[in-house]
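Raw input_13.txt, compact mmCIF, C-alpha atoms:
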```txt
# COMPACT_ATOMS: atom_id res chain seq x y z
CA MET A 79 6.82 10.41 18.23
CA GLU A 80 4.01 9.84 20.74
CA GLN A 81 1.44 11.10 18.23
CA ILE A 82 2.63 8.59 15.66
CA ARG A 83 2.55 5.76 18.22
CA GLU A 84 -1.03 6.62 19.20
CA ALA A 85 -2.05 6.80 15.54
CA CYS A 86 -0.52 3.36 14.87
CA VAL A 87 -2.32 1.89 17.89
CA ASN A 88 -5.74 3.41 17.19
CA TYR A 89 -5.93 3.92 13.43
CA GLY A 90 -2.96 2.39 11.66
CA PHE A 91 -2.80 5.65 9.71
CA PHE A 92 -1.00 8.96 9.98
CA GLN A 93 -0.09 11.86 7.69
CA ILE A 94 3.33 13.47 7.34
CA VAL A 95 4.67 16.82 6.20
CA ASN A 96 8.27 18.01 5.84
CA HIS A 97 9.04 14.62 4.27
CA GLY A 98 11.72 15.96 1.95
CA ILE A 99 10.01 15.05 -1.34
CA PRO A 100 9.66 18.07 -3.67
CA SER A 101 6.03 19.00 -4.30
CA ASP A 102 6.69 19.42 -8.03
CA LEU A 103 7.91 15.81 -8.21
CA LEU A 104 4.74 14.62 -6.46
CA SER A 105 2.67 16.52 -9.04
CA ARG A 106 4.75 15.39 -12.03
CA THR A 107 4.34 11.77 -11.01
CA ILE A 108 0.54 12.12 -10.94
CA ASP A 109 0.72 13.74 -14.40
CA MET A 110 2.81 10.86 -15.76
CA TYR A 111 0.25 8.33 -14.59
CA LYS A 112 -2.62 10.38 -16.03
CA THR A 113 -0.88 10.35 -19.42
CA PHE A 114 -0.46 6.58 -19.32
CA PHE A 115 -4.03 5.85 -18.26
CA ALA A 116 -5.32 8.07 -21.08
CA CYS A 117 -3.73 5.70 -23.63
CA SER A 118 -5.68 3.10 -25.56
CA ASP A 119 -6.34 -0.30 -23.98
CA GLU A 120 -4.09 -1.83 -26.63
CA GLU A 121 -1.20 0.38 -25.57
CA LYS A 122 -1.72 -0.27 -21.86
CA LEU A 123 -1.99 -4.01 -22.41
CA SER A 124 1.44 -4.00 -24.05
CA VAL A 125 2.78 -4.36 -20.50
CA PRO A 126 0.50 -7.19 -19.32
CA ASP A 127 2.65 -8.12 -16.33
CA ASN A 128 2.38 -4.60 -14.92
CA TYR A 129 -1.01 -3.31 -16.00
CA LEU A 130 -4.28 -4.56 -14.56
CA LYS A 131 -7.86 -3.44 -15.02
CA SER A 132 -10.58 -4.60 -12.66
CA THR A 133 -12.72 -7.44 -14.00
CA PRO A 134 -16.52 -7.41 -14.20
CA ASN A 135 -16.88 -9.81 -11.26
CA SER A 136 -14.60 -7.72 -9.08
CA ALA A 137 -15.92 -5.25 -6.49
CA GLU A 138 -13.13 -2.89 -7.56
CA THR A 139 -13.48 -0.27 -10.29
CA PHE A 140 -10.05 0.95 -11.23
CA GLU A 141 -6.97 0.25 -13.29
CA HIS A 142 -3.41 0.26 -12.08
CA LEU A 143 0.17 0.22 -13.31
CA TRP A 144 2.80 -1.12 -10.96
CA PHE A 145 6.55 -1.58 -11.07
CA ARG A 146 9.31 -3.16 -9.15
CA PHE A 147 12.76 -1.77 -9.74
CA PRO A 148 15.01 -1.68 -11.64
CA PHE A 149 12.87 -1.31 -14.77
CA SER A 150 12.87 -4.09 -17.32
CA GLY A 151 10.65 -5.38 -20.11
CA PHE A 152 8.89 -2.13 -21.04
CA ASN A 153 10.37 -1.51 -24.48
CA ASN A 154 7.09 -2.47 -26.19
CA CYS A 155 5.08 0.29 -24.53
CA ARG A 156 5.52 3.66 -26.29
CA SER A 157 3.83 5.59 -23.48
CA ILE A 158 6.43 4.49 -20.92
CA THR A 159 9.03 6.92 -22.19
CA PRO A 160 12.55 7.41 -20.84
CA HIS A 161 11.24 10.58 -19.15
CA PHE A 162 8.41 8.64 -17.49
CA LYS A 163 10.93 6.08 -16.22
CA LYS A 164 13.22 8.81 -14.93
CA VAL A 165 10.39 10.48 -12.98
CA LEU A 166 9.30 7.18 -11.42
CA GLU A 167 12.87 6.20 -10.56
CA GLU A 168 13.35 9.57 -8.84
CA MET A 169 10.07 9.07 -6.98
CA VAL A 170 11.09 5.58 -5.84
CA SER A 171 14.46 6.86 -4.65
CA HIS A 172 12.73 9.45 -2.45
CA PHE A 173 10.14 6.96 -1.18
CA THR A 174 12.84 4.43 -0.31
CA LYS A 175 14.84 6.98 1.69
CA LEU A 176 11.67 8.10 3.46
CA GLY A 177 10.78 4.47 4.13
CA VAL A 178 14.06 3.90 5.95
CA VAL A 179 13.33 6.91 8.18
CA LEU A 180 9.77 5.74 8.87
CA GLU A 181 11.01 2.23 9.56
CA GLY A 182 13.22 3.59 12.35
CA ILE A 183 10.42 5.73 13.78
CA ILE A 184 7.96 2.82 13.81
CA SER A 185 10.57 0.57 15.46
CA GLU A 186 11.10 3.12 18.23
CA CYS A 187 7.35 3.60 18.66
CA LEU A 188 7.15 -0.14 19.32
CA GLY A 189 9.89 0.14 21.93
CA LEU A 190 12.39 -1.63 19.68
CA PRO A 191 15.89 -0.48 18.60
CA PRO A 192 15.69 2.02 15.70
CA ASP A 193 17.37 -0.43 13.32
CA PHE A 194 15.23 -3.43 14.31
CA LEU A 195 12.97 -3.58 11.24
CA SER A 196 15.97 -3.20 8.94
CA ASN A 197 16.75 -6.85 9.74
CA TYR A 198 13.76 -7.76 7.55
CA ARG A 199 14.99 -5.98 4.43
CA ASN A 200 18.37 -7.23 3.24
CA ASP A 201 17.22 -6.04 -0.18
CA ARG A 202 14.34 -3.96 -1.52
CA SER A 203 13.18 -6.46 -4.16
CA ARG A 204 9.62 -6.71 -2.78
CA ASP A 205 8.98 -2.95 -2.80
CA SER A 206 6.75 -1.61 -5.54
CA LEU A 207 5.25 1.61 -6.85
CA MET A 208 1.67 1.56 -8.12
CA GLY A 209 -0.28 4.25 -9.93
CA LEU A 210 -4.07 4.01 -9.77
CA HIS A 211 -6.89 5.45 -11.81
CA TYR A 212 -10.39 5.17 -10.35
CA PHE A 213 -13.26 5.56 -12.78
CA PRO A 214 -16.12 8.00 -12.07
CA ALA A 215 -18.89 6.68 -9.87
CA THR A 216 -22.14 5.45 -11.35
CA GLU A 217 -25.62 6.19 -10.09
CA ASP A 218 -25.74 2.81 -8.36
CA ASP A 219 -22.17 2.37 -7.13
CA ASN A 220 -19.37 4.61 -5.85
CA THR A 221 -17.04 1.83 -4.67
CA GLY A 222 -13.47 2.36 -5.84
CA LYS A 223 -11.76 -0.24 -3.69
CA PRO A 224 -13.60 -2.10 -0.92
CA ALA A 225 -12.40 -2.18 2.66
CA HIS A 226 -9.02 -3.90 2.96
CA GLU A 227 -5.62 -3.88 4.66
CA ASP A 228 -2.19 -3.82 2.99
CA PRO A 229 0.01 -6.91 3.38
CA GLY A 230 3.48 -5.41 3.85
CA CYS A 231 5.25 -3.30 6.47
CA PHE A 232 3.65 0.02 5.57
CA THR A 233 2.41 1.97 2.58
CA ILE A 234 3.12 5.57 1.57
CA LEU A 235 0.34 7.19 -0.46
CA TYR A 236 -0.19 10.38 -2.40
CA GLN A 237 -3.69 11.19 -3.69
CA ASP A 238 -4.81 13.94 -6.02
CA GLU A 239 -7.07 16.81 -5.00
CA ILE A 240 -10.22 14.70 -5.49
CA GLY A 241 -9.71 12.64 -2.34
CA GLY A 242 -11.79 9.53 -1.69
CA LEU A 243 -9.54 7.67 0.76
CA GLU A 244 -11.27 6.68 4.01
CA VAL A 245 -10.03 4.89 7.14
CA HIS A 246 -12.15 2.75 9.44
CA LYS A 247 -12.37 3.47 13.16
CA ASP A 248 -15.01 2.38 15.68
CA ASP A 249 -17.61 1.43 13.06
CA HIS A 250 -17.16 4.77 11.28
CA TRP A 251 -15.41 5.74 8.06
CA ILE A 252 -13.21 8.83 8.33
CA PRO A 253 -12.34 10.67 5.08
CA ILE A 254 -8.65 11.55 4.64
CA ALA A 255 -8.63 15.06 3.20
CA PRO A 256 -6.21 15.41 0.27
CA SER A 257 -3.30 17.83 0.48
CA LYS A 258 -0.67 18.59 -2.12
CA ASP A 259 2.05 18.66 0.57
CA LYS A 260 1.02 15.71 2.77
CA LEU A 261 1.70 12.01 2.40
CA VAL A 262 -0.43 9.34 4.01
CA VAL A 263 1.26 6.41 5.76
CA ASN A 264 -0.67 3.31 6.71
CA ILE A 265 0.58 0.37 8.75
CA GLY A 266 0.41 -3.03 7.06
CA ASP A 267 -0.20 -6.61 8.12
CA VAL A 268 3.48 -7.42 8.76
CA ILE A 269 3.72 -4.79 11.49
CA GLN A 270 0.43 -5.94 12.99
CA VAL A 271 1.68 -9.54 13.17
CA LEU A 272 5.16 -8.68 14.49
CA SER A 273 3.59 -6.52 17.21
CA ASN A 274 0.94 -9.16 17.99
CA ASN A 275 -1.82 -6.61 17.30
CA LYS A 276 -0.21 -3.80 19.32
CA PHE A 277 -0.13 -1.74 16.12
CA LYS A 278 -3.11 -1.86 13.83
CA SER A 279 -3.01 -2.72 10.14
CA ALA A 280 -5.18 0.07 8.77
CA THR A 281 -8.55 -0.88 7.34
CA HIS A 282 -9.24 1.53 4.51
CA LYS A 283 -11.20 1.92 1.31
CA VAL A 284 -11.58 4.25 -1.66
CA VAL A 285 -14.84 5.97 -2.54
CA ARG A 286 -15.11 7.17 -6.12
CA PRO A 287 -16.10 10.78 -6.80
CA GLY A 288 -19.28 11.55 -8.70
CA GLU A 289 -18.39 12.37 -12.30
CA THR A 290 -14.66 12.77 -11.85
CA ASN A 291 -11.68 10.50 -12.35
CA ARG A 292 -9.48 9.95 -9.29
CA TYR A 293 -5.72 9.37 -9.40
CA SER A 294 -3.26 8.33 -6.74
CA TYR A 295 -0.07 6.37 -6.32
CA VAL A 296 1.28 4.24 -3.53
CA PHE A 297 4.66 2.89 -2.52
CA PHE A 298 4.55 -0.49 -0.81
CA TYR A 299 7.44 -0.78 1.63
CA ASN A 300 7.72 -4.52 2.13
CA VAL A 301 10.00 -7.00 3.84
CA GLN A 302 12.28 -9.35 1.97
CA GLY A 303 10.34 -12.20 0.36
CA ASP A 304 12.05 -15.04 2.21
CA LYS A 305 11.68 -13.49 5.67
CA TRP A 306 9.78 -15.39 8.34
CA VAL A 307 7.06 -13.26 9.94
CA GLU A 308 5.55 -14.11 13.34
CA PRO A 309 4.68 -12.30 16.58
CA LEU A 310 7.88 -11.17 18.29
CA PRO A 311 8.75 -12.52 21.75
CA GLN A 312 8.79 -8.91 23.03
CA PHE A 313 5.00 -8.89 22.50
CA THR A 314 4.22 -12.48 23.46
CA LYS A 315 6.14 -14.71 25.87
CA GLU A 316 8.19 -11.87 27.39
CA ILE A 317 4.99 -10.19 28.56
CA GLY A 318 2.95 -13.33 29.13
CA GLU A 319 0.69 -13.06 26.07
CA SER A 320 -0.14 -15.78 23.56
CA PRO A 321 0.73 -15.24 19.90
CA LYS A 322 -2.30 -14.29 17.84
CA TYR A 323 -0.85 -15.52 14.53
CA ARG A 324 1.08 -18.50 13.25
CA GLY A 325 4.26 -17.67 11.37
CA PHE A 326 4.59 -17.48 7.60
CA VAL A 327 7.06 -16.66 4.86
CA PHE A 328 6.23 -13.19 3.56
CA GLU A 329 6.35 -14.12 -0.13
CA GLU A 330 3.77 -16.85 0.46
CA TYR A 331 1.32 -14.37 1.92
CA HIS A 332 2.18 -11.71 -0.64
CA GLN A 333 1.34 -14.09 -3.49
CA LEU A 334 -1.96 -15.06 -1.87
CA ARG A 335 -2.90 -11.40 -1.58
CA PHE A 336 -1.81 -10.68 -5.16
CA ARG A 337 -4.07 -13.46 -6.34
CA ASN A 338 -6.99 -11.63 -4.72
CA ARG A 339 -6.46 -8.95 -7.39
CA SER A 340 -5.36 -10.99 -10.39
CA HIS A 341 -7.95 -13.76 -9.93
CA PRO A 342 -10.65 -12.37 -7.64
CA PRO A 343 -12.88 -15.08 -6.17
CA ALA A 344 -16.59 -15.06 -6.90
CA ARG A 345 -17.43 -14.70 -3.21
CA PRO A 346 -15.94 -11.83 -1.16
CA GLU A 347 -15.62 -14.12 1.87
CA ASP A 348 -13.07 -16.19 -0.07
CA LEU A 349 -10.58 -13.31 -0.27
CA ILE A 350 -7.38 -13.96 1.67
CA HIS A 351 -6.64 -11.65 4.62
CA ILE A 352 -4.15 -11.79 7.48
CA THR A 353 -6.82 -13.66 9.45
CA HIS A 354 -5.76 -16.63 7.29
CA TYR A 355 -2.91 -17.02 9.81
CA SER A 356 -4.88 -16.21 12.97
CA ILE A 357 -4.65 -18.52 15.96
CA SER A 358 -7.89 -19.20 17.79
CA ASN A 359 -7.40 -19.05 21.53
```
Starting from the file, lay out its structure as structure tokens.
Amino acid sequence: MEQIREACVNYGFFQIVNHGIPSDLLSRTIDMYKTFFACSDEEKLSVPDNYLKSTPNSAETFEHLWFRFPFSGFNNCRSITPHFKKVLEEMVSHFTKLGVVLEGIISECLGLPPDFLSNYRNDRSRDSLMGLHYFPATEDDNTGKPAHEDPGCFTILYQDEIGGLEVHKDDHWIPIAPSKDKLVVNIGDVIQVLSNNKFKSATHKVVRPGETNRYSYVFFYNVQGDKWVEPLPQFTKEIGESPKYRGFVFEEYHQLRFRNRSHPPARPEDLIHITHYSISN
């Protein structure tokens, strides 16, 4: 527990083993995404609300397929077969159960009751599963996804054997070595705000491999959309510290962050981050 707390304070990242998810299911899920991304653009665009490919003016160079559950509206896409849906539903079931366990661990690491964060998730409607395909690097650019933080509570990630994920610490980028049995967990903006910066929302990026495609998938464990998020009194007035953020409704922030991807601004400085809600002291 202490190791996880220190990782959340200093990095916002940690890796877990013995998570209870079968390794063959982790591998099958990667294979399902590879099959989808190998389809024609026409086929992939038959699910326009769930498929997105980076635009020419974006700093990102990948395509992704994301879902919220239960499934709906995918009957027009031949590549999203009943078997594909079954695999993803099984994966989401495991990730959700694991998320509940991690939620309790993170609460305790913050010195809160184990069930504290469960008050922010009366339903799981904001959770999502996203598969990502990063294109091979070019001679001039190996950026897969620029440095960023995730908006929700925390994210659970599985990457293929290629790697490419890096976390920022003390002006250095630390590669996260891939492992077929390990999952990566990174703290998101919600936890950083609730803890008034006691726990760090992990700054991370993806570097594309040379001539190889990279695949990964992530499960975003979010709070309920209508929940009010602000620094908790346990980390502000009860210990004599000023709040570092103004409060917000999670769905409002989530939509602002989603717009970063769907309609990327021309200037990187116009991207919305959690600093949008920072209070200047």
*asked:* What's around region 172-183 of chain A at 10 Å? Count only C-alpha atoms, leave out sequence neighbours fewer than 2 positions away in its own chain, and write the answer as a ChimeraX atom specification.
replied: /A:79,82-83,97-100,103,166-170,185-196,202,205,207,231-235,263,296-300
Would you pick out the contacts of Arg324 (chain A) at 8 Å or less, using all atoms listed in the file, so that residues sharing its chain but fewer than 3 positions from it are not included, and give the list as a ChimeraX atom specification? /A:308-309,321,355-357
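With CA of Lys247 (chain A) on one side and CA of His282 (chain A) on the other, the separation reads 9.4 Å.
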- Task: Compare A:Tyr323, A:Tyr236, A:Phe277, A:Phe91 by their minimum atom-to-atom distance to Ser358 (chain A), counting all atoms listed in the file, and give me the closest one.
- Result: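 Looking only at the distances to Ser358 (chain A), the closest residue turns out to be A:Tyr323.
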Checklist entry - Of the residues A:Val271, A:Phe328, A:His341, A:Ser279, which is the one nearest to Pro311 (chain A), using all atoms listed in the file? => result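 Distance minimum relative to Pro311 (chain A) lands on A:Val271.
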Extract, using all atoms listed in the file, all DNA, RNA and protein residues at most 8 Å from Arg146 (chain A), discarding same-chain residues fewer than 2 positions from it, and format them as a PDB file with C-alpha atoms, in the coordinates of the input.
```pdb
ATOM      1  CA  TRP A 144       2.800  -1.120 -10.960  1.00  0.00           C
ATOM      2  CA  PRO A 148      15.010  -1.680 -11.640  1.00  0.00           C
ATOM      3  CA  PHE A 149      12.870  -1.310 -14.770  1.00  0.00           C
ATOM      4  CA  SER A 203      13.180  -6.460  -4.160  1.00  0.00           C
ATOM      5  CA  ARG A 204       9.620  -6.710  -2.780  1.00  0.00           C
ATOM      6  CA  ASP A 205       8.980  -2.950  -2.800  1.00  0.00           C
ATOM      7  CA  SER A 206       6.750  -1.610  -5.540  1.00  0.00           C
ATOM      8  CA  LEU A 207       5.250   1.610  -6.850  1.00  0.00           C
TER       9      LEU A 207
END
```
Problem - Pick from A:Lys112, A:Arg345, A:His211, A:His142, whichever lies nearest to Arg292 (chain A) using all atoms listed in the file - result: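 Of A:Lys112, A:Arg345, A:His211, A:His142, the one nearest Arg292 (chain A) is A:His211, counting all atoms listed in the file.
What separates CA of Gly241 (chain A) from CA of Leu334 (chain A) is a distance of 28.8 Å.
Between CA of Lys278 (chain A) and CA of Gly90 (chain A) there is a distance of 4.8 Å.
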Which is closer to His351 (chain A) than all the others in A:Ile158, A:Leu210, A:Val284, A:Val268, using only C-alpha atoms?
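Looking at the shortest contact to His351 (chain A), the residue is A:Val268.
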- Could you check which of A:Asp259, A:Val307, A:Gln81, A:Ala215 is closest to Asn96 (chain A), using only C-alpha atoms?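 Of A:Asp259, A:Val307, A:Gln81, A:Ala215, the one nearest Asn96 (chain A) is A:Asp259, counting only C-alpha atoms.
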Is there a way to get, as a PDB file with C-alpha atoms, keeping the file's coordinate frame, all residues within 12 Å of the point (-1.4, -0.5, -25.6) in file coordinates, counting all atoms listed in the file?
```
ATOM      1  CA  PHE A 114      -0.460   6.580 -19.320  1.00  0.00           C
ATOM      2  CA  PHE A 115      -4.030   5.850 -18.260  1.00  0.00           C
ATOM      3  CA  ALA A 116      -5.320   8.070 -21.080  1.00  0.00           C
ATOM      4  CA  CYS A 117      -3.730   5.700 -23.630  1.00  0.00           C
ATOM      5  CA  SER A 118      -5.680   3.100 -25.560  1.00  0.00           C
ATOM      6  CA  ASP A 119      -6.340  -0.300 -23.980  1.00  0.00           C
ATOM      7  CA  GLU A 120      -4.090  -1.830 -26.630  1.00  0.00           C
ATOM      8  CA  GLU A 121      -1.200   0.380 -25.570  1.00  0.00           C
ATOM      9  CA  LYS A 122      -1.720  -0.270 -21.860  1.00  0.00           C
ATOM     10  CA  LEU A 123      -1.990  -4.010 -22.410  1.00  0.00           C
ATOM     11  CA  SER A 124       1.440  -4.000 -24.050  1.00  0.00           C
ATOM     12  CA  VAL A 125       2.780  -4.360 -20.500  1.00  0.00           C
ATOM     13  CA  PRO A 126       0.500  -7.190 -19.320  1.00  0.00           C
ATOM     14  CA  TYR A 129      -1.010  -3.310 -16.000  1.00  0.00           C
ATOM     15  CA  PHE A 152       8.890  -2.130 -21.040  1.00  0.00           C
ATOM     16  CA  ASN A 153      10.370  -1.510 -24.480  1.00  0.00           C
ATOM     17  CA  ASN A 154       7.090  -2.470 -26.190  1.00  0.00           C
ATOM     18  CA  CYS A 155       5.080   0.290 -24.530  1.00  0.00           C
ATOM     19  CA  ARG A 156       5.520   3.660 -26.290  1.00  0.00           C
ATOM     20  CA  SER A 157       3.830   5.590 -23.480  1.00  0.00           C
ATOM     21  CA  ILE A 158       6.430   4.490 -20.920  1.00  0.00           C
TER      22      ILE A 158
END
```
Determine the nearest neighbour of Ala225 (chain A) from the options A:Phe140, A:Tyr295, A:Trp251, A:Phe213, counting only C-alpha atoms.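 Result for the nearest residue to Ala225 (chain A): A:Trp251.
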Practice prompt. Extract, using only C-alpha atoms, all DNA, RNA and protein residues at most 6 Å from region 237-240 of chain A, discarding same-chain residues fewer than 2 positions from it, and format them as a PyMOL selection string.
Written response: chain A and resi 256+293-294
Using 6 Å of padding on each side, determine the axis-aligned box around all atoms of region 244-258 of chain A present in the file and give its centre and edge lengths in Å to one decimal, as JSON.
```
{"center_x": -9.1, "center_y": 10.0, "center_z": 6.8, "size_x": 28.9, "size_y": 29.2, "size_z": 29.8}
```
